[in-house]
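Participant: Sharing entry_27.cif here; it has mmCIF, C-alpha atoms and all ligand atoms.
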data_start
#
loop_
_atom_site.label_atom_id
_atom_site.label_comp_id
_atom_site.auth_asym_id
_atom_site.auth_seq_id
_atom_site.Cartn_x
_atom_site.Cartn_y
_atom_site.Cartn_z
CA MET E 1 105.77 28.29 132.57
CA LYS E 2 106.99 26.76 135.81
CA LEU E 3 110.15 28.39 137.14
CA PHE E 4 111.96 26.87 140.10
CA TYR E 5 113.39 29.56 142.32
CA ASP E 6 115.43 30.54 145.34
CA PHE E 7 115.00 34.26 146.01
CA HIS E 8 117.19 34.53 149.12
CA ILE E 9 120.88 33.65 148.72
CA HIS E 10 123.81 35.37 150.45
CA SER E 11 127.21 35.87 148.82
CA CYS E 12 130.70 36.44 150.21
CA LEU E 13 129.73 40.10 150.64
CA SER E 14 127.63 39.23 153.68
CA PRO E 15 130.04 38.85 156.61
CA CYS E 16 128.21 35.66 157.59
CA GLY E 17 128.25 34.39 153.97
CA ASP E 18 130.89 31.83 153.07
CA ASN E 19 133.90 33.14 151.11
CA ASP E 20 133.27 30.37 148.55
CA SER E 21 129.86 31.89 147.79
CA THR E 22 131.21 33.83 144.82
CA PRO E 23 129.04 35.01 141.90
CA ASN E 24 130.19 32.13 139.67
CA ASN E 25 129.91 29.46 142.36
CA ILE E 26 126.39 30.58 143.32
CA VAL E 27 125.17 30.61 139.72
CA ASN E 28 126.76 27.24 138.96
CA MET E 29 125.32 25.64 142.10
CA ALA E 30 121.86 27.01 141.30
CA LEU E 31 122.09 25.50 137.81
CA ILE E 32 123.24 22.15 139.22
CA LYS E 33 120.22 22.23 141.54
CA GLY E 34 117.94 22.76 138.54
CA LEU E 35 116.80 26.28 139.41
CA HIS E 36 115.67 28.80 136.78
CA VAL E 37 115.79 31.95 138.87
CA ILE E 38 117.57 33.16 142.00
CA ALA E 39 117.92 36.44 143.85
CA LEU E 40 121.15 37.52 145.47
CA ALA E 41 120.24 39.11 148.80
CA ASP E 42 123.11 40.27 150.97
CA HIS E 43 122.61 42.16 154.22
CA ASN E 44 121.89 45.86 153.54
CA THR E 45 123.68 45.84 150.17
CA GLY E 46 123.31 44.77 146.56
CA LYS E 47 126.90 45.37 145.47
CA ASN E 48 127.55 41.79 144.32
CA CYS E 49 124.38 41.73 142.22
CA PRO E 50 125.89 43.18 139.02
CA ALA E 51 128.51 40.40 138.94
CA ALA E 52 125.99 37.64 139.71
CA MET E 53 123.55 39.02 137.12
CA ALA E 54 126.30 39.09 134.46
CA VAL E 55 127.33 35.51 135.26
CA GLY E 56 123.68 34.44 135.22
CA LYS E 57 123.15 36.07 131.83
CA LYS E 58 126.16 34.19 130.40
CA ASN E 59 124.96 30.87 131.75
CA GLY E 60 121.19 31.00 131.32
CA LEU E 61 120.08 31.67 134.89
CA VAL E 62 117.85 34.61 135.82
CA VAL E 63 119.37 36.54 138.73
CA LEU E 64 117.19 39.18 140.36
CA PRO E 65 118.94 41.99 142.23
CA ALA E 66 117.94 42.04 145.91
CA MET E 67 119.03 42.84 149.43
CA GLU E 68 118.03 41.74 152.92
CA LEU E 69 117.35 44.98 154.71
CA THR E 70 117.54 45.18 158.51
CA THR E 71 114.97 47.55 159.99
CA SER E 72 115.58 49.62 163.09
CA GLU E 73 113.75 46.90 165.08
CA ASP E 74 116.20 44.26 163.73
CA ILE E 75 113.55 42.74 161.46
CA HIS E 76 114.85 41.32 158.18
CA VAL E 77 113.01 42.33 155.01
CA LEU E 78 113.89 40.77 151.66
CA CYS E 79 113.73 43.49 148.98
CA LEU E 80 113.35 42.07 145.47
CA PHE E 81 113.94 44.16 142.35
CA GLU E 82 113.80 43.78 138.60
CA LYS E 83 116.47 46.36 137.84
CA TYR E 84 119.77 46.88 139.63
CA GLU E 85 119.57 50.68 139.26
CA ASP E 86 116.46 50.72 141.46
CA LEU E 87 118.10 48.57 144.12
CA GLU E 88 121.16 50.81 144.01
CA LYS E 89 118.99 53.84 144.77
CA LEU E 90 117.47 52.07 147.77
CA GLU E 91 120.94 51.12 148.98
CA THR E 92 122.21 54.70 148.69
CA TYR E 93 119.19 55.85 150.68
CA ILE E 94 119.39 53.28 153.48
CA GLN E 95 123.17 53.41 153.86
CA LYS E 96 122.86 56.99 155.09
CA THR E 97 120.69 55.70 157.94
CA CYS E 98 122.82 52.69 158.93
CA LEU E 99 125.04 52.58 161.98
CA ARG E 100 128.68 52.94 160.95
CA ILE E 101 130.65 50.25 162.70
CA PRO E 102 133.93 49.16 161.07
CA ASN E 103 133.86 45.46 160.21
CA LYS E 104 136.30 43.19 162.02
CA PRO E 105 136.82 40.43 159.42
CA GLU E 106 138.55 38.14 161.94
CA ILE E 107 135.36 38.14 164.05
CA PHE E 108 132.47 38.71 161.63
CA GLY E 109 133.99 37.52 158.34
CA HIS E 110 135.12 39.25 155.16
CA GLN E 111 132.77 41.38 153.04
CA PHE E 112 134.15 40.88 149.54
CA ILE E 113 132.83 42.71 146.47
CA MET E 114 133.55 40.69 143.33
CA ASP E 115 133.44 41.08 139.57
CA GLU E 116 132.01 38.56 137.14
CA ASN E 117 135.32 36.65 137.12
CA ASP E 118 135.18 36.18 140.90
CA GLU E 119 138.06 38.64 141.31
CA ILE E 120 137.87 40.69 144.51
CA VAL E 121 137.40 44.31 143.47
CA GLY E 122 136.72 45.73 146.92
CA GLU E 123 135.87 45.01 150.51
CA GLU E 124 133.05 46.77 152.34
CA GLU E 125 134.61 48.46 155.36
CA ASN E 126 131.55 49.04 157.50
CA LEU E 127 129.79 46.08 159.05
CA LEU E 128 126.74 45.19 156.98
CA ILE E 129 124.82 43.26 159.65
CA VAL E 130 123.65 46.37 161.46
CA SER E 131 120.25 47.98 161.83
CA SER E 132 119.25 50.65 159.38
CA GLY E 133 117.28 53.66 160.51
CA ILE E 134 114.24 52.43 158.55
CA SER E 135 111.40 51.34 160.80
CA VAL E 136 109.08 48.43 160.03
CA GLU E 137 106.22 50.94 159.69
CA GLU E 138 107.90 52.72 156.78
CA VAL E 139 109.88 49.96 155.08
CA ALA E 140 107.18 48.53 152.77
CA ALA E 141 106.22 51.90 151.29
CA LEU E 142 109.86 52.88 150.95
CA VAL E 143 110.86 49.73 149.04
CA LYS E 144 107.77 49.95 146.81
CA GLY E 145 108.63 53.58 146.13
CA PHE E 146 111.98 52.50 144.71
CA GLY E 147 110.23 49.92 142.50
CA GLY E 148 110.87 46.84 144.65
CA ILE E 149 108.78 44.18 146.37
CA PRO E 150 109.24 44.10 150.16
CA VAL E 151 108.95 40.63 151.71
CA PRO E 152 109.26 40.07 155.47
CA ALA E 153 112.00 37.41 155.61
CA HIS E 154 111.83 34.05 157.43
CA ILE E 155 108.81 35.09 159.45
CA ASP E 156 108.77 31.67 161.09
CA LYS E 157 112.15 32.38 162.70
CA GLN E 158 112.28 33.79 166.21
CA SER E 159 115.32 35.99 165.58
CA ASN E 160 114.99 38.77 162.99
CA GLY E 161 111.59 37.49 161.78
CA LEU E 162 108.68 39.93 161.80
CA VAL E 163 106.32 37.72 163.81
CA GLY E 164 109.05 36.73 166.27
CA VAL E 165 110.02 40.35 166.92
CA LEU E 166 106.55 41.98 166.91
CA GLY E 167 104.65 39.03 168.42
CA ALA E 168 102.03 38.89 165.63
CA PHE E 169 101.64 39.66 161.94
CA ASP E 170 100.40 43.21 161.35
CA TYR E 171 98.48 43.45 158.04
CA GLY E 172 98.57 47.23 158.26
CA LEU E 173 102.29 47.37 157.49
CA GLY E 174 101.72 47.17 153.75
CA PHE E 175 103.35 43.84 152.90
CA GLU E 176 101.72 41.73 150.17
CA LEU E 177 104.06 38.74 150.12
CA ILE E 178 105.84 36.85 152.90
CA GLU E 179 108.75 34.44 153.16
CA SER E 180 108.40 31.36 155.32
CA THR E 181 109.44 27.71 155.25
CA LEU E 182 106.26 26.63 157.06
CA ASP E 183 102.59 27.35 156.68
CA SER E 184 102.78 30.49 158.80
CA GLY E 185 99.03 31.05 159.07
CA VAL E 186 99.48 34.53 157.56
CA LYS E 187 96.85 35.13 154.89
CA LEU E 188 99.18 36.45 152.19
CA PRO E 189 100.94 34.75 149.29
CA GLN E 190 104.11 33.05 150.41
CA ILE E 191 107.50 32.26 148.91
CA THR E 192 109.90 29.71 150.39
CA ASN E 193 113.63 30.33 150.02
CA SER E 194 116.83 28.83 151.38
CA ASP E 195 118.49 31.90 153.01
CA ALA E 196 121.69 30.07 152.02
CA HIS E 197 124.93 31.35 153.52
CA TYR E 198 126.82 28.35 152.07
CA LEU E 199 126.71 26.97 148.54
CA TRP E 200 125.35 23.58 149.58
CA ASP E 201 122.34 25.22 151.28
CA ILE E 202 120.99 26.68 148.02
CA ALA E 203 117.48 25.30 147.44
CA GLU E 204 116.70 22.19 145.44
CA ALA E 205 114.22 22.56 142.56
CA GLU E 206 111.23 22.31 144.87
CA HIS E 207 109.36 25.61 144.90
CA PHE E 208 108.23 27.27 141.70
CA ILE E 209 106.29 30.25 140.39
CA GLU E 210 104.22 30.43 137.21
CA ALA E 211 105.62 33.10 134.90
CA GLU E 212 105.03 34.17 131.30
CA SER E 213 108.72 34.12 130.45
CA CYS E 214 112.03 33.03 131.96
CA SER E 215 113.40 36.55 132.36
CA ALA E 216 113.81 39.09 135.14
CA HIS E 217 110.83 40.94 133.70
CA GLY E 218 108.69 37.77 133.53
CA VAL E 219 109.57 36.70 137.06
CA PHE E 220 109.01 40.14 138.52
CA ALA E 221 105.67 40.45 136.75
CA ALA E 222 104.66 37.05 138.19
CA LEU E 223 105.60 38.15 141.71
CA ARG E 224 103.67 41.41 141.29
CA GLU E 225 100.66 39.41 140.12
CA MET E 226 100.88 37.19 143.23
CA CYS E 227 100.88 40.36 145.36
CA ARG E 228 97.94 41.82 143.43
CA LYS E 229 95.80 38.70 143.61
CA GLY E 230 96.71 37.99 147.20
CA GLU E 231 97.27 34.30 146.61
ZN ZN E 301 117.67 37.12 157.71
ZN ZN E 302 119.31 36.03 154.84
#
Rewrite the structure of this file - the entire thing - as structure tokens.

Facilitator:
Amino acid sequence: MKLFYDFHIHSCLSPCGDNDSTPNNIVNMALIKGLHVIALADHNTGKNCPAAMAVGKKNGLVVLPAMELTTSEDIHVLCLFEKYEDLEKLETYIQKTCLRIPNKPEIFGHQFIMDENDEIVGEEENLLIVSSGISVEEVAALVKGFGGIPVPAHIDKQSNGLVGVLGAFDYGLGFELIESTLDSGVKLPQITNSDAHYLWDIAEAEHFIEAESCSAHGVFAALREMCRKGE
């Protein structure tokens, strides 16, 4: 079956994400847009995923747990998971390597953690848009080791994109899937996402994957199959 997706959406937990990008607002906007599956991918954290996944479950939208990891070279890598527990383990691991800089909400924006009723249940104190200690050489194997799929994010973008930072795509880094809005010329399967920081930027029903079922398991299996086949 054809499933329209957007696997890269930021919530109010990302300092640069709009405060209106709450779990319920994101899920509702995705449904209005006609999407079947989304992934919530905040910078260096997945702490709003449980709420978004619960809201998705209630409303018939598949929400994959994810994060947008910043490597030590400032390259953004989208890390997609099927199960939140696996993402949580990655987060615990990478947080130990991240620079600890207290967030200044008045400059960078709030970092709200919410429950499934969009109630604020916490605020992340350390700035999330910092480099981790994970290098681009080790990130793919690390994410795979935790059960995830590592995807170099927006590789067509000059800032924080793998090609922009390294100057060329290195096939030896172990990635099997890339994210780009253009035909990047990289000979790997590609997904195209919105990288929405505001509700209205969430993708229209334009890009789809073929999956066996409309479930986290079905979507993840389809992504794994894309990686395996290389197309
Ligand atoms: Zn990014
Ligand atoms: Zn992003």

Participant: Just the residues within 12 Å of Ala196 of chain E, please, counting all atoms listed in the file, with nothing from its chain fewer than 4 positions along; format it as a ChimeraX atom specification.

Facilitator: /E:6-12,14,16-18,21,26,29-30,38-42,154,192,200-204

Participant: If the limit is 12 Å from any atom of ligand ZN 301 (chain E), counting only C-alpha atoms and all ligand atoms, which residues qualify? Return them as a PyMOL selection string.

Facilitator: chain E and resi 8-10+14+16-17+41-44+67-71+74-79+129-131+151-162+179-180+193-197

Participant: Would you kindly identify which residues have an atom no farther than 10 Å from (120.3, 41.8, 135.7), using only C-alpha atoms and the file's own coordinates, and write them out as a count of residues only?

Facilitator: 21

Participant: Pick out the residues sitting within 8 Å of Pro15 of chain E, and hand them over as a PDB file with C-alpha atoms, keeping the file's coordinate frame; count all atoms listed in the file, and ignore anything fewer than 3 positions along from it in its own chain.

Facilitator:
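Full text of result_15.pdb as output:
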ATOM      1  CA  CYS E  12     130.700  36.440 150.210  1.00  0.00           C
ATOM      2  CA  ASP E  18     130.890  31.830 153.070  1.00  0.00           C
ATOM      3  CA  PRO E 105     136.820  40.430 159.420  1.00  0.00           C
ATOM      4  CA  PHE E 108     132.470  38.710 161.630  1.00  0.00           C
ATOM      5  CA  GLY E 109     133.990  37.520 158.340  1.00  0.00           C
ATOM      6  CA  HIS E 110     135.120  39.250 155.160  1.00  0.00           C
ATOM      7  CA  GLN E 111     132.770  41.380 153.040  1.00  0.00           C
ATOM      8  CA  LEU E 127     129.790  46.080 159.050  1.00  0.00           C
ATOM      9  CA  LEU E 128     126.740  45.190 156.980  1.00  0.00           C
ATOM     10  CA  ILE E 129     124.820  43.260 159.650  1.00  0.00           C
TER      11      ILE E 129
END

Participant: Using Å and a single decimal, report how far atom CA of Ile191 of chain E sits from atom CA of Ala211 of chain E.

Facilitator: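 One can read the atom CA of Ala211 of chain E to atom CA of Ile191 of chain E distance as 14.2 Å.
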
Participant: Expressed in Å to a single decimal, how great is the separation between atom CA of Ala140 of chain E and atom CA of Leu80 of chain E?

Facilitator: 11.5 Å

Participant: Can you measure atom CA of Ala205 of chain E to atom CA of Lys187 of chain E for me? One decimal in Å is fine.

Facilitator: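 For atom CA of Ala205 of chain E relative to atom CA of Lys187 of chain E, the distance reads 24.7 Å.
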
Participant: Looking at only C-alpha atoms and all ligand atoms, which of E:Gly122, E:Gly167, E:Tyr198, E:Gly145 is the one that sits closest to ligand ZN 302 (chain E)?

Facilitator: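 The answer is E:Tyr198, which sits nearest to ligand ZN 302 (chain E).
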
Participant: Taking all atoms listed in the file into account, name the residue in E:Met1, E:Leu188, E:Val37, E:Ala66 that is nearest to ligand ZN 302 (chain E).

Facilitator: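 Between E:Met1, E:Leu188, E:Val37, E:Ala66, the residue approaching ligand ZN 302 (chain E) most closely is E:Ala66.
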